[in-house]
Structure formats: C-alpha cells, structure tokens
file target_12.txt (compact mmCIF, C-alpha atoms)
# COMPACT_ATOMS: atom_id res chain seq x y z
CA MET A 5 7.38 -106.51 -69.78
CA ARG A 6 4.11 -104.61 -70.21
CA GLN A 7 3.89 -101.07 -71.47
CA GLU A 8 2.63 -98.53 -68.96
CA ARG A 9 -0.69 -97.10 -70.05
CA ASN A 10 -1.07 -93.53 -71.28
CA ASN A 11 -3.92 -92.96 -68.81
CA ILE A 12 -2.19 -91.03 -66.01
CA PHE A 13 -4.86 -92.09 -63.51
CA ALA A 14 -4.48 -95.82 -64.17
CA GLY A 15 -3.49 -97.79 -61.10
CA ILE A 16 -3.36 -94.89 -58.63
CA ASP A 17 -4.41 -95.54 -55.05
CA TRP A 18 -7.72 -93.73 -54.68
CA LEU A 19 -7.77 -94.18 -50.90
CA LEU A 20 -4.68 -92.00 -50.59
CA VAL A 21 -6.24 -89.48 -52.94
CA LEU A 22 -9.43 -89.47 -50.86
CA LEU A 23 -7.49 -88.93 -47.63
CA TYR A 24 -5.63 -86.08 -49.32
CA ILE A 25 -8.89 -84.42 -50.41
CA ILE A 26 -10.45 -84.77 -46.93
CA LEU A 27 -7.38 -83.37 -45.17
CA VAL A 28 -7.01 -80.45 -47.59
CA GLY A 29 -10.74 -79.68 -47.39
CA PHE A 30 -10.92 -79.84 -43.62
CA GLY A 31 -7.69 -77.87 -43.42
CA TRP A 32 -9.20 -75.07 -45.51
CA MET A 33 -12.29 -74.98 -43.27
CA ASN A 34 -10.07 -74.30 -40.28
CA ILE A 35 -8.05 -71.67 -42.15
CA TYR A 36 -11.38 -70.04 -43.03
CA ALA A 37 -12.42 -70.14 -39.37
CA SER A 38 -9.14 -68.72 -38.09
CA SER A 39 -8.74 -65.92 -40.67
CA SER A 40 -12.32 -64.73 -41.27
CA THR A 41 -14.48 -62.35 -39.28
CA GLU A 42 -18.19 -61.60 -39.25
CA GLU A 43 -17.47 -58.72 -41.62
CA THR A 44 -15.38 -60.83 -44.02
CA ARG A 45 -17.18 -64.10 -44.65
CA GLU A 46 -17.20 -63.93 -48.46
CA ILE A 47 -15.63 -67.25 -49.47
CA PHE A 48 -14.14 -66.03 -52.73
CA ASP A 49 -12.54 -62.91 -51.29
CA PHE A 50 -9.03 -63.52 -52.60
CA SER A 51 -7.55 -60.70 -50.54
CA THR A 52 -8.00 -62.84 -47.40
CA LYS A 53 -5.89 -65.74 -46.17
CA TYR A 54 -8.65 -68.27 -46.77
CA GLY A 55 -9.26 -66.81 -50.23
CA LYS A 56 -5.60 -67.13 -51.15
CA GLN A 57 -5.61 -70.69 -49.82
CA ILE A 58 -8.40 -71.50 -52.30
CA VAL A 59 -6.06 -70.31 -55.05
CA PHE A 60 -3.24 -72.46 -53.66
CA ILE A 61 -5.55 -75.47 -53.53
CA GLY A 62 -6.71 -74.78 -57.09
CA LEU A 63 -3.11 -74.57 -58.30
CA SER A 64 -2.42 -77.92 -56.62
CA ILE A 65 -4.54 -79.59 -59.30
CA PRO A 66 -2.15 -78.77 -62.19
CA VAL A 67 0.74 -79.70 -59.88
CA ILE A 68 -0.86 -83.14 -59.38
CA ILE A 69 -1.53 -83.54 -63.12
CA PHE A 70 2.07 -82.52 -63.83
CA ILE A 71 3.39 -85.12 -61.35
CA LEU A 72 1.21 -87.91 -62.71
CA PHE A 73 2.03 -86.99 -66.31
CA PHE A 74 5.60 -88.24 -66.05
CA ASN A 75 6.40 -91.91 -66.37
CA SER A 76 7.38 -93.44 -63.05
CA LYS A 77 10.86 -94.15 -64.39
CA PHE A 78 11.42 -90.42 -64.75
CA TYR A 79 11.65 -89.89 -60.99
CA GLU A 80 14.28 -92.58 -60.59
CA GLN A 81 16.33 -91.55 -63.62
CA PHE A 82 16.35 -87.83 -62.78
CA ALA A 83 16.43 -88.08 -58.97
CA SER A 84 20.02 -86.79 -58.82
CA VAL A 85 19.26 -83.91 -61.19
CA LEU A 86 16.23 -82.83 -59.14
CA TYR A 87 18.33 -83.05 -55.98
CA ILE A 88 21.06 -80.82 -57.43
CA ILE A 89 18.45 -78.29 -58.59
CA SER A 90 17.02 -78.20 -55.06
CA LEU A 91 20.50 -77.53 -53.64
CA VAL A 92 21.04 -74.70 -56.12
CA LEU A 93 17.70 -73.17 -55.12
CA LEU A 94 18.55 -73.49 -51.42
CA ALA A 95 21.93 -71.84 -51.96
CA GLY A 96 20.44 -69.19 -54.21
CA VAL A 97 17.80 -68.13 -51.69
CA LEU A 98 20.62 -67.05 -49.35
CA ILE A 99 21.66 -64.50 -51.98
CA PHE A 100 18.46 -63.61 -53.81
CA GLY A 101 15.85 -64.49 -51.20
CA LYS A 102 13.59 -62.26 -49.17
CA LYS A 103 14.06 -62.05 -45.42
CA ILE A 104 10.85 -62.76 -43.48
CA ASN A 105 10.67 -63.11 -39.69
CA GLY A 106 14.45 -63.17 -39.43
CA ALA A 107 15.01 -65.95 -41.99
CA THR A 108 16.03 -65.65 -45.63
CA SER A 109 13.91 -68.57 -46.79
CA TRP A 110 11.73 -67.18 -49.58
CA TYR A 111 11.96 -66.25 -53.23
CA ASN A 112 9.61 -63.42 -54.11
CA PHE A 113 8.09 -63.41 -57.61
CA GLY A 114 5.81 -60.41 -58.02
CA GLY A 115 4.21 -60.86 -54.64
CA LEU A 116 4.19 -64.66 -54.78
CA GLY A 117 6.53 -66.22 -52.26
CA LEU A 118 8.09 -69.65 -52.75
CA GLN A 119 10.01 -71.48 -50.05
CA PRO A 120 12.51 -73.91 -51.67
CA SER A 121 12.98 -75.88 -48.44
CA GLU A 122 9.43 -77.23 -48.81
CA PHE A 123 10.29 -78.77 -52.18
CA ALA A 124 13.79 -79.89 -51.15
CA LYS A 125 12.28 -82.59 -48.91
CA ALA A 126 10.82 -84.42 -51.91
CA CYS A 127 14.05 -84.05 -53.88
CA THR A 128 16.12 -85.34 -50.96
CA SER A 129 13.75 -88.30 -50.62
CA LEU A 130 14.23 -89.12 -54.31
CA ALA A 131 18.01 -88.77 -54.10
CA LEU A 132 18.23 -90.99 -51.02
CA ALA A 133 16.02 -93.61 -52.68
CA LYS A 134 18.20 -93.45 -55.79
CA LEU A 135 21.39 -93.89 -53.77
CA MET A 136 20.18 -96.74 -51.60
CA SER A 137 18.35 -98.69 -54.32
CA ASP A 138 21.60 -99.32 -56.17
CA ARG A 139 22.36 -103.05 -56.14
CA GLN A 140 25.96 -102.40 -55.07
CA TYR A 141 24.89 -100.27 -52.10
CA ASN A 142 25.40 -101.84 -48.68
CA LEU A 143 24.19 -99.69 -45.79
CA LYS A 144 26.24 -101.69 -43.27
CA LEU A 145 29.45 -100.19 -44.69
CA LEU A 146 30.56 -96.95 -43.03
CA LYS A 147 31.43 -95.30 -46.35
CA ASN A 148 27.91 -95.94 -47.62
CA GLN A 149 26.42 -94.63 -44.39
CA ALA A 150 28.50 -91.49 -44.90
CA LYS A 151 27.10 -91.09 -48.42
CA ALA A 152 23.56 -91.32 -47.08
CA PHE A 153 24.30 -88.78 -44.34
CA ILE A 154 25.74 -86.36 -46.92
CA VAL A 155 22.63 -86.66 -49.10
CA ILE A 156 20.42 -86.01 -46.08
CA PHE A 157 22.29 -83.24 -44.34
CA LEU A 158 23.63 -81.22 -47.29
CA PRO A 159 20.26 -79.53 -47.91
CA ALA A 160 19.80 -79.28 -44.12
CA PHE A 161 23.09 -77.34 -43.99
CA PHE A 162 21.86 -74.73 -46.47
CA ILE A 163 18.54 -74.47 -44.63
CA ALA A 164 20.40 -73.94 -41.34
CA LEU A 165 22.16 -70.95 -42.90
CA GLN A 166 18.82 -69.21 -43.59
CA PRO A 167 18.31 -69.92 -40.60
CA ASP A 168 15.25 -72.18 -40.38
CA MET A 169 15.97 -74.70 -37.64
CA GLY A 170 12.44 -76.10 -37.71
CA SER A 171 12.92 -77.31 -41.28
CA VAL A 172 16.37 -78.65 -40.39
CA LEU A 173 14.78 -80.80 -37.69
CA ILE A 174 12.65 -82.58 -40.30
CA TYR A 175 15.73 -84.10 -41.93
CA PHE A 176 16.28 -86.30 -38.89
CA ALA A 177 13.13 -88.14 -40.03
CA PHE A 178 15.26 -89.91 -42.62
CA PHE A 179 16.88 -91.98 -39.88
CA PHE A 180 13.65 -93.97 -39.71
CA VAL A 181 14.13 -94.74 -43.40
CA LEU A 182 17.75 -95.79 -42.87
CA ASN A 183 16.70 -97.99 -39.97
CA ARG A 184 14.09 -99.70 -42.16
CA GLU A 185 16.80 -100.42 -44.72
CA GLY A 186 19.16 -102.01 -42.22
CA LEU A 187 20.95 -99.24 -40.33
CA THR A 188 21.65 -100.23 -36.74
CA LEU A 189 19.35 -98.87 -34.04
CA SER A 190 22.38 -97.39 -32.28
CA TYR A 191 22.01 -94.14 -34.26
CA ILE A 192 18.42 -93.66 -33.15
CA LEU A 193 19.30 -94.67 -29.58
CA PHE A 194 22.13 -92.15 -29.66
CA GLY A 195 19.67 -89.47 -30.77
CA VAL A 196 17.18 -90.38 -28.03
CA THR A 197 19.99 -90.39 -25.43
CA THR A 198 21.11 -86.97 -26.63
CA ILE A 199 17.59 -85.57 -26.23
CA ILE A 200 17.27 -87.04 -22.72
CA LEU A 201 20.67 -85.72 -21.64
CA PHE A 202 19.88 -82.32 -23.16
CA ILE A 203 16.62 -82.09 -21.19
CA LEU A 204 18.31 -83.23 -17.96
CA THR A 205 21.24 -80.84 -18.44
CA VAL A 206 19.00 -77.85 -19.12
CA SER A 207 16.72 -78.77 -16.20
CA PHE A 208 19.28 -79.62 -13.51
CA GLY A 209 22.61 -78.28 -14.79
CA ALA A 210 25.62 -79.99 -16.33
CA LYS A 211 27.34 -80.53 -12.96
CA TRP A 212 24.68 -82.78 -11.43
CA VAL A 213 23.92 -84.66 -14.65
CA LEU A 214 27.63 -85.34 -15.17
CA ILE A 215 28.10 -86.56 -11.60
CA SER A 216 25.06 -88.83 -11.92
CA CYS A 217 26.21 -90.34 -15.23
CA LEU A 218 29.76 -90.94 -13.97
CA PHE A 219 28.32 -92.51 -10.82
CA ILE A 220 26.20 -94.90 -12.93
CA ILE A 221 29.26 -95.87 -15.02
CA THR A 222 31.24 -96.49 -11.81
CA LEU A 223 28.49 -98.65 -10.31
CA THR A 224 28.25 -100.63 -13.55
CA THR A 225 32.01 -101.16 -13.54
CA LEU A 226 32.04 -102.28 -9.90
CA TYR A 227 29.21 -104.70 -10.59
CA GLY A 228 31.16 -106.11 -13.53
CA VAL A 229 34.25 -106.59 -11.37
CA TYR A 230 32.12 -108.22 -8.68
CA LYS A 231 30.80 -110.74 -11.22
CA ASP A 232 34.19 -111.32 -12.87
CA LYS A 233 37.56 -110.19 -11.47
CA ARG A 234 38.92 -109.89 -15.01
CA PHE A 235 36.14 -107.53 -16.11
CA PHE A 236 38.14 -104.31 -15.72
CA ARG A 237 41.29 -105.75 -17.31
CA PHE A 238 39.39 -106.76 -20.47
CA ASN A 239 37.20 -103.64 -20.61
CA ALA A 240 39.52 -100.94 -19.28
CA LEU A 241 39.68 -99.04 -22.58
CA LYS A 242 35.90 -99.08 -22.99
CA ILE A 243 35.37 -97.92 -19.41
CA LEU A 244 37.87 -95.07 -19.67
CA SER A 245 36.37 -94.09 -23.04
CA SER A 246 32.92 -94.02 -21.44
CA TYR A 247 34.13 -91.64 -18.73
CA LEU A 248 35.79 -89.36 -21.28
CA PHE A 249 33.00 -89.43 -23.84
CA THR A 250 30.27 -88.83 -21.24
CA THR A 251 32.18 -85.88 -19.77
CA LEU A 252 32.83 -84.25 -23.13
CA PHE A 253 29.30 -84.97 -24.35
CA ILE A 254 27.50 -83.39 -21.38
CA LEU A 255 29.88 -80.42 -21.30
CA GLY A 256 29.28 -80.05 -25.04
CA ILE A 257 25.51 -79.96 -24.50
CA SER A 258 25.94 -77.33 -21.79
CA TYR A 259 28.21 -75.23 -24.02
CA THR A 260 25.79 -75.49 -26.96
CA TYR A 261 22.84 -74.43 -24.84
CA ASN A 262 24.64 -71.49 -23.22
CA ASN A 263 26.72 -70.22 -26.14
CA VAL A 264 25.22 -71.45 -29.44
CA LEU A 265 21.45 -71.22 -29.04
CA GLU A 266 19.82 -67.82 -29.43
CA GLN A 267 18.23 -66.32 -26.33
CA HIS A 268 14.69 -66.75 -27.65
CA GLN A 269 15.42 -70.45 -28.29
CA LYS A 270 16.71 -70.90 -24.73
CA ASP A 271 13.65 -69.09 -23.42
CA ARG A 272 11.35 -71.53 -25.23
CA PHE A 273 13.12 -74.52 -23.69
CA ASP A 274 13.01 -72.91 -20.24
CA ILE A 275 9.27 -72.35 -20.59
CA LEU A 276 8.66 -75.86 -21.91
CA LEU A 277 10.58 -77.42 -19.02
CA GLY A 278 8.79 -75.25 -16.48
CA LYS A 279 11.92 -73.36 -15.38
CA VAL A 280 10.23 -69.99 -16.00
CA GLN A 281 6.70 -68.73 -16.57
CA ASP A 282 6.24 -66.13 -19.29
CA ASN A 283 2.66 -66.26 -20.50
CA LYS A 284 2.77 -62.67 -21.73
CA GLY A 285 6.11 -62.79 -23.52
CA ILE A 286 7.95 -65.56 -25.34
CA GLY A 287 5.46 -68.16 -24.08
CA TYR A 288 2.38 -66.21 -25.08
CA ASN A 289 1.62 -68.20 -28.25
CA SER A 290 1.89 -71.59 -26.56
CA PHE A 291 -0.10 -70.46 -23.53
CA GLN A 292 -2.95 -69.09 -25.65
CA SER A 293 -2.88 -72.14 -27.91
CA GLU A 294 -3.26 -74.53 -24.99
CA LYS A 295 -6.10 -72.47 -23.51
CA THR A 296 -7.83 -72.31 -26.90
CA ILE A 297 -7.67 -76.08 -27.35
CA SER A 298 -8.85 -76.82 -23.80
CA SER A 299 -11.78 -74.42 -24.21
CA GLY A 300 -13.21 -76.68 -26.92
CA GLY A 301 -14.04 -79.44 -24.47
CA LEU A 302 -15.32 -82.76 -25.75
CA SER A 303 -17.32 -81.76 -28.83
CA GLY A 304 -16.14 -78.21 -29.49
CA LYS A 305 -17.97 -74.90 -29.77
CA GLY A 306 -18.99 -75.42 -33.38
CA PHE A 307 -17.77 -74.20 -36.76
CA LEU A 308 -17.12 -70.42 -36.68
CA GLN A 309 -18.25 -70.35 -33.04
CA GLY A 310 -14.83 -70.35 -31.41
CA ASP A 311 -14.69 -67.05 -29.53
CA ARG A 312 -10.96 -67.33 -28.86
CA THR A 313 -10.29 -68.12 -32.51
CA GLN A 314 -12.53 -65.28 -33.68
CA GLY A 315 -10.89 -63.00 -31.13
CA ASN A 316 -7.40 -63.71 -32.51
CA PHE A 317 -6.07 -64.78 -29.13
CA VAL A 318 -3.47 -67.02 -30.82
CA PRO A 319 -1.14 -65.04 -33.13
CA GLU A 320 -0.66 -66.52 -36.61
CA GLN A 321 -3.27 -69.14 -35.80
CA HIS A 322 -3.87 -69.91 -39.48
CA THR A 323 -0.29 -71.19 -39.92
CA ASP A 324 1.70 -73.18 -37.35
CA TYR A 325 -1.03 -73.03 -34.68
CA ILE A 326 -3.93 -74.09 -36.91
CA TYR A 327 -4.53 -77.19 -34.76
CA SER A 328 -5.70 -74.94 -31.92
CA THR A 329 -8.62 -73.92 -34.16
CA VAL A 330 -9.51 -77.58 -34.58
CA GLY A 331 -9.37 -78.06 -30.82
CA GLU A 332 -11.64 -75.13 -30.00
CA GLU A 333 -14.28 -75.49 -32.71
CA TRP A 334 -14.34 -79.29 -33.07
CA GLY A 335 -13.26 -80.31 -29.58
CA PHE A 336 -11.55 -83.50 -28.48
CA ILE A 337 -13.66 -85.54 -30.91
CA GLY A 338 -12.70 -83.42 -33.91
CA SER A 339 -9.05 -83.22 -32.86
CA SER A 340 -8.93 -87.00 -32.49
CA PHE A 341 -10.58 -87.41 -35.89
CA VAL A 342 -7.82 -85.32 -37.49
CA ILE A 343 -5.16 -87.47 -35.86
CA ILE A 344 -6.97 -90.61 -37.02
CA LEU A 345 -7.00 -89.26 -40.58
CA PHE A 346 -3.27 -88.60 -40.41
CA MET A 347 -2.60 -92.04 -38.94
CA ALA A 348 -4.66 -93.60 -41.76
CA LEU A 349 -2.57 -91.66 -44.27
CA LEU A 350 0.69 -92.83 -42.68
CA TYR A 351 -0.48 -96.43 -42.39
CA ARG A 352 -1.57 -96.51 -46.02
CA ILE A 353 1.75 -95.09 -47.24
CA ILE A 354 3.75 -97.59 -45.16
CA TYR A 355 1.52 -100.49 -46.24
CA LEU A 356 1.91 -99.60 -49.92
CA SER A 357 5.65 -99.09 -49.45
CA GLU A 358 6.03 -102.60 -48.06
CA ILE A 359 4.32 -104.23 -51.06
CA GLN A 360 6.41 -102.40 -53.64
CA THR A 361 8.36 -104.63 -56.00
CA ASN A 362 10.83 -101.83 -56.63
CA LYS A 363 13.28 -100.83 -53.88
CA PHE A 364 13.42 -97.23 -55.07
CA ALA A 365 9.66 -96.83 -54.57
CA ARG A 366 9.78 -98.48 -51.15
CA ILE A 367 12.54 -96.23 -49.84
CA TYR A 368 10.83 -93.15 -51.23
CA GLY A 369 7.53 -94.22 -49.64
CA TYR A 370 9.15 -94.60 -46.23
CA SER A 371 10.76 -91.18 -46.66
CA VAL A 372 7.35 -89.64 -47.33
CA ALA A 373 5.80 -91.38 -44.30
CA SER A 374 8.69 -90.32 -42.04
CA ILE A 375 8.53 -86.68 -43.13
CA PHE A 376 4.77 -86.55 -42.64
CA PHE A 377 5.11 -88.20 -39.23
CA PHE A 378 7.71 -85.68 -38.04
CA HIS A 379 5.62 -82.74 -39.22
CA ILE A 380 2.46 -84.06 -37.58
CA ALA A 381 4.09 -85.09 -34.29
CA VAL A 382 6.20 -81.95 -33.84
CA ASN A 383 3.49 -79.49 -34.92
CA ILE A 384 0.74 -80.97 -32.74
CA GLY A 385 3.21 -81.47 -29.89
CA MET A 386 4.19 -77.81 -30.20
CA VAL A 387 0.57 -76.60 -30.21
CA ILE A 388 -0.37 -78.59 -27.09
CA GLY A 389 2.82 -77.60 -25.24
CA LEU A 390 4.87 -80.80 -25.48
CA PHE A 391 7.52 -79.27 -27.77
CA PRO A 392 8.95 -75.76 -28.01
CA THR A 393 7.81 -73.51 -30.84
CA VAL A 394 9.92 -74.38 -33.88
CA GLY A 395 7.81 -73.20 -36.83
CA ILE A 396 6.83 -76.47 -38.51
CA PRO A 397 3.55 -76.48 -40.51
CA LEU A 398 0.83 -79.10 -40.11
CA PRO A 399 0.49 -80.93 -43.47
CA PHE A 400 -2.51 -79.79 -45.57
CA PHE A 401 -3.81 -77.64 -42.68
CA SER A 402 -1.38 -74.77 -42.22
CA TYR A 403 -1.83 -71.79 -44.52
CA GLY A 404 0.64 -71.37 -47.37
CA GLY A 405 1.20 -72.28 -50.99
CA SER A 406 4.74 -73.60 -50.65
CA SER A 407 3.75 -75.83 -47.75
CA LEU A 408 0.69 -77.23 -49.53
CA TRP A 409 2.50 -77.78 -52.83
CA GLY A 410 5.51 -79.33 -51.09
CA PHE A 411 3.37 -81.91 -49.30
CA THR A 412 1.33 -82.50 -52.46
CA LEU A 413 4.55 -83.12 -54.38
CA LEU A 414 5.78 -85.56 -51.75
CA LEU A 415 2.56 -87.56 -51.69
CA PHE A 416 1.69 -87.70 -55.37
CA ILE A 417 5.16 -88.70 -56.51
CA PHE A 418 4.69 -91.73 -54.28
CA ILE A 419 1.19 -92.30 -55.67
CA ARG A 420 2.72 -92.22 -59.15
CA LEU A 421 5.45 -94.69 -58.18
CA ASP A 422 2.92 -96.94 -56.49
CA ALA A 423 0.71 -96.98 -59.59
CA HIS A 424 3.65 -98.36 -61.56
CA LYS A 425 3.93 -101.50 -59.40
CA LYS A 426 1.20 -103.04 -61.58
CA TYR A 427 3.68 -103.13 -64.42
CA ASP A 428 6.88 -105.09 -64.75
CA TRP A 429 10.12 -103.13 -64.89

call {"tool": "encode", "arguments": {"input": "target_12.txt", "output": "structure tokens"}}
result
Amino acid sequence: MRQERNNIFAGIDWLLVLLYIILVGFGWMNIYASSSTEETREIFDFSTKYGKQIVFIGLSIPVIIFILFFNSKFYEQFASVLYIISLVLLAGVLIFGKKINGATSWYNFGGLGLQPSEFAKACTSLALAKLMSDRQYNLKLLKNQAKAFIVIFLPAFFIALQPDMGSVLIYFAFFFVLNREGLTLSYILFGVTTIILFILTVSFGAKWVLISCLFIITLTTLYGVYKDKRFFRFNALKILSSYLFTTLFILGISYTYNNVLEQHQKDRFDILLGKVQDNKGIGYNSFQSEKTISSGGLSGKGFLQGDRTQGNFVPEQHTDYIYSTVGEEWGFIGSSFVIILFMALLYRIIYLSEIQTNKFARIYGYSVASIFFFHIAVNIGMVIGLFPTVGIPLPFFSYGGSSLWGFTLLLFIFIRLDAHKKYDW
C-alpha cells in the first residue's frame, strides 16, 4: 500500500476542474447580463446580484481547498456523521429558519442566507455510497432496498415539510444510482408509468383513463384465453389484482391532484398541458421565458444586447430562469454549447465513476452525475416550457451562494475520491 501524498492537488482530474471553471465563469456572465443595467455596470459593485455572485465564487475557492484537504478515506469513514448533521440542519431550519417565498428553507446569519437542502444532497450521496459499498449489502433483498429508500427519502421528508417540492423531486435521481447497482428496472418503469397516468388523468379525467386501462387489461386477458384456455385459471389472481390496483391507482392520482396539490401547482400543470391559457398570471414567467429564448434566434443578440433581458421581462431571471438569458443573448448556438458543456461534465463523471477501484467512490460518482442530470434536465425543461415551474436551479448558472457551494461540494468531493484511485487502499 502506498501512502497518499500531502499535495492536495496530486492526481485530481483537471478536465473536470476546467469544465467547472468554464461553467461557473459563463454562468456569472449571464448573471451579470440579467441583473445589470446601463447605469449599474460596475463589475465590483457588491450591492448587486452579480457583485454578490463574485463573492460567492471567491468563497468557493476555500471551500474547494477545504474539500481537497481531507484524505479521501475521511468521506467514507464520516459519511454517516455528515448525513446525520444534514438531517439535524434540515429539521432545525423548520424551527429556526427564515420563511422566504412561502418556504422555511433558509438559515439567516447576519444577512447571509444558507439553504441546508443544497448541502444535504452531497451528504445523502455519501451516506448512500457508504451503505451500499458494504460487502454484506445485497440490493436484491427487500430489506436492503428499504434501507436505501430510507436513506434517500428521510432528508426529502424534511424538505417536503418546508415545503420545497422542487428539491424533493431531485431525490428521485438516486433511482438511477440504485439501478446501476443492480436494482430492477421495475421501479423506474413504475415511476414512468405513474407520470404517464398522471398526465393522462389530468388531461382527460380519471373516468376515461380508468375505462381505457380496464379495457386494455380485458383485451389482454381475452387474448391470453384465446391462446391458452387455461390462461385465466392460472392467472386469475394476477388479473383481478391488476383490475383492483389500476382502479385504486388512477383514483388515487385523481384524488391527489384535486385534494392534495395546491391551487397554484394545479394551475401550472393545467397551463403546461394546454388546458388553460394564462400568460398574464400564473403562466407569465414561462410565457416570457419562452419568448425571450426564441427571440435570440440562431446566434443571439450579443452579450448585454438582450432587450428582453435588459427590460426584466422574465421575473427572477438571474435565478431559476437564467437559461433564458443564454437563449436570448447567445442564441441557439450558445444554448447548445451550454448543454454540450453539461453533457461533457456528466460523461466525464460517469466515465471516471466506472473506472473506480473502490465501490464507495463509484456509487458516489453516479449519485453526483444523477443529481446534476436532474437539475439540468428539469431546469432547462422548465425554462423552455416542457416542465411546470418547480424552482430548481441550473448548476453553476443560477444566482445564489448555497446553490453554488452545494454543487461545488458535490463535484469536488468526487474529484477528491477520484484522485485517490491512484493509490491502493
């Protein structure tokens, strides 16, 4: 066994670091474009959003040094401790946190806000990697699947109480990790089926969706009997269970939509599915975002030349809707370039995860890639009108210290673990 060197930069993947620097830098340029005016173009004006983001970026450097300072073994040995601390912080914010935009998600320290849910994702990734890397752990056993689900959804439960449903959604990204480690595809297929049935139920009503599904089950049963007279006798319980489960499932979706979701959430789904048009009300942000992106054309209007961005047509454009700035000022070419950068980041993380000699590092790497993928897909989908508004930031682009530091923490812990693969454990 070789001793790990004291040089904290030894063995780190500089391509990932380079991608991080490019994304953070380009992200700041778009924050600058979306939050500055002709009267306020002083770069180091720290009273502005873009000025504060410079501070957040600057503070990311000691965060990175701090992450790289610890031996790679530290993150495996103390994964459970870090996870418990994150749960305490998530529970504590419900009592001591500051309520912003209807959610109690922030600690306030002398004007500096910290959102613990951004850091809980890294801690949950470490805890899941710790659990599943145990030699005695077998994901095919239901009790072990239950353990993994508890680790994943316990922090999601506290976040749901804030409530911050956008952040809760991110925790479903871990199913990609579980699938990579051997979990059957049935869970993901169940999730996809749920989404499809939800969309159909909201669009056409529970009555017609239920009748259609029961009709399909009946046709399938009749076809089975036609092929083999004994089909019903051997599969009667499964067939009856299918009727019952489908009925309860669709009625459950209908009940959830009508009685559990808040009105503004239902309105967003209705707008997304084209049931109603409300470009001046609840759908205003999405409508303006789509128009802003389309106005950029192929090559964009140029840096600081976006009239819709400068005119503040899209509310809070520097946060969740930052991609609309990219679309207007850099056009289709610039927007595609950003997606290519993100895809390169994801590919590199997955590639490095696959060549890890340590299972803990591999599982953590896939967790990082899955979380990034969900954030990127949902945020961009939301901005271009494919998903309802759920308040999920675009990694390294959206304004905010907690968001930037949370993603930095996620990425550089993996970079630290990856650097250790050059040494024997």

call {"tool": "atom_distance", "arguments": {"input": "target_12.txt", "atom1": "CA of Arg366 in chain A", "atom2": "CA of Glu80 in chain A"}}
result
12.0 Å

call {"tool": "atom_distance", "arguments": {"input": "target_12.txt", "atom1": "CA of Leu132 in chain A", "atom2": "CA of Asn362 in chain A"}}
result
14.3 Å

call {"tool": "residues_near_point", "arguments": {"input": "target_12.txt", "point": "(1.0, -82.9, -45.7)", "cutoff": "12 Å", "atoms": "only C-alpha atoms", "output": "count of residues only"}}
result
47

call {"tool": "atom_distance", "arguments": {"input": "target_12.txt", "atom1": "CA of Thr393 in chain A", "atom2": "CA of Leu193 in chain A"}}
result
24.1 Å

call {"tool": "closest_atom_pairs", "arguments": {"input": "target_12.txt", "of": "range 305-341 of chain A", "to": "range 53-71 of chain A", "cutoff": "12 Å", "atoms": "all atoms listed in the file", "output": "JSON lines"}}
result
{"residue": "A:Glu320", "atom": "CA", "partner": "A:Lys53", "partner_atom": "CA", "distance": 10.9}
{"residue": "A:Gln321", "atom": "CA", "partner": "A:Lys53", "partner_atom": "CA", "distance": 11.2}
{"residue": "A:His322", "atom": "CA", "partner": "A:Lys53", "partner_atom": "CA", "distance": 8.1}
{"residue": "A:Thr323", "atom": "CA", "partner": "A:Lys53", "partner_atom": "CA", "distance": 10.0}

call {"tool": "write_last_selection", "arguments": {"input": "target_12.txt", "atoms": "C-alpha atoms", "output": "mmCIF file, keeping the file's coordinate frame"}}
result
data_model
loop_
_atom_site.group_PDB
_atom_site.id
_atom_site.type_symbol
_atom_site.label_atom_id
_atom_site.label_comp_id
_atom_site.auth_asym_id
_atom_site.auth_seq_id
_atom_site.Cartn_x
_atom_site.Cartn_y
_atom_site.Cartn_z
ATOM 1 C CA GLU A 320 -0.660 -66.520 -36.610
ATOM 2 C CA GLN A 321 -3.270 -69.140 -35.800
ATOM 3 C CA HIS A 322 -3.870 -69.910 -39.480
ATOM 4 C CA THR A 323 -0.290 -71.190 -39.920
#

call {"tool": "closest_residue", "arguments": {"input": "target_12.txt", "among": "A:Gln267, A:Asn239, A:Ser39, A:Asn142", "to": "Thr313 in chain A", "atoms": "all atoms listed in the file"}}
result
A:Ser39

call {"tool": "closest_residue", "arguments": {"input": "target_12.txt", "among": "A:Thr225, A:Thr128, A:Ser40, A:Thr251", "to": "Ala152 in chain A", "atoms": "all atoms listed in the file"}}
result
A:Thr128

call {"tool": "decode", "arguments": {"input": "target_12.txt", "residues": "range 235-239 of chain A", "atoms": "all heavy atoms", "output": "short mmCIF file (atom, residue, chain, number, x, y, z; two decimals), in the first residue's frame"}}
result
data_model
loop_
_atom_site.label_atom_id
_atom_site.label_comp_id
_atom_site.auth_asym_id
_atom_site.auth_seq_id
_atom_site.Cartn_x
_atom_site.Cartn_y
_atom_site.Cartn_z
N PHE A 235 -55.37 -20.04 -19.41
CA PHE A 235 -54.71 -18.78 -19.05
C PHE A 235 -55.37 -18.11 -17.84
O PHE A 235 -54.70 -17.73 -16.88
CB PHE A 235 -54.72 -17.83 -20.24
CG PHE A 235 -54.11 -16.48 -19.95
CD1 PHE A 235 -52.74 -16.28 -19.99
CD2 PHE A 235 -54.92 -15.40 -19.62
CE1 PHE A 235 -52.19 -15.05 -19.71
CE2 PHE A 235 -54.38 -14.16 -19.34
CZ PHE A 235 -53.02 -13.98 -19.38
N PHE A 236 -56.70 -17.99 -17.86
CA PHE A 236 -57.39 -17.29 -16.78
C PHE A 236 -57.28 -18.06 -15.47
O PHE A 236 -57.10 -17.48 -14.40
CB PHE A 236 -58.86 -17.07 -17.13
CG PHE A 236 -59.61 -16.29 -16.09
CD1 PHE A 236 -59.52 -14.90 -16.05
CD2 PHE A 236 -60.39 -16.92 -15.14
CE1 PHE A 236 -60.20 -14.17 -15.09
CE2 PHE A 236 -61.08 -16.21 -14.18
CZ PHE A 236 -60.98 -14.82 -14.15
N ARG A 237 -57.40 -19.42 -15.57
CA ARG A 237 -57.34 -20.23 -14.35
C ARG A 237 -56.02 -20.07 -13.62
O ARG A 237 -55.95 -19.97 -12.41
CB ARG A 237 -57.57 -21.70 -14.69
CG ARG A 237 -57.63 -22.61 -13.46
CD ARG A 237 -58.08 -24.01 -13.79
NE ARG A 237 -57.65 -24.48 -15.09
CZ ARG A 237 -57.22 -25.73 -15.30
NH1 ARG A 237 -57.15 -26.57 -14.31
NH2 ARG A 237 -56.88 -26.11 -16.49
N PHE A 238 -54.90 -20.00 -14.40
CA PHE A 238 -53.58 -19.88 -13.79
C PHE A 238 -53.21 -18.44 -13.42
O PHE A 238 -52.31 -18.23 -12.62
CB PHE A 238 -52.51 -20.44 -14.74
CG PHE A 238 -52.59 -21.94 -14.92
CD1 PHE A 238 -52.57 -22.51 -16.18
CD2 PHE A 238 -52.71 -22.78 -13.82
CE1 PHE A 238 -52.64 -23.89 -16.35
CE2 PHE A 238 -52.77 -24.15 -13.97
CZ PHE A 238 -52.74 -24.71 -15.24
N ASN A 239 -53.91 -17.47 -14.00
CA ASN A 239 -53.54 -16.07 -13.77
C ASN A 239 -54.69 -15.24 -13.20
O ASN A 239 -54.65 -14.01 -13.24
CB ASN A 239 -53.08 -15.44 -15.08
CG ASN A 239 -51.83 -16.08 -15.64
OD1 ASN A 239 -50.72 -15.79 -15.22
ND2 ASN A 239 -52.02 -16.99 -16.60
#
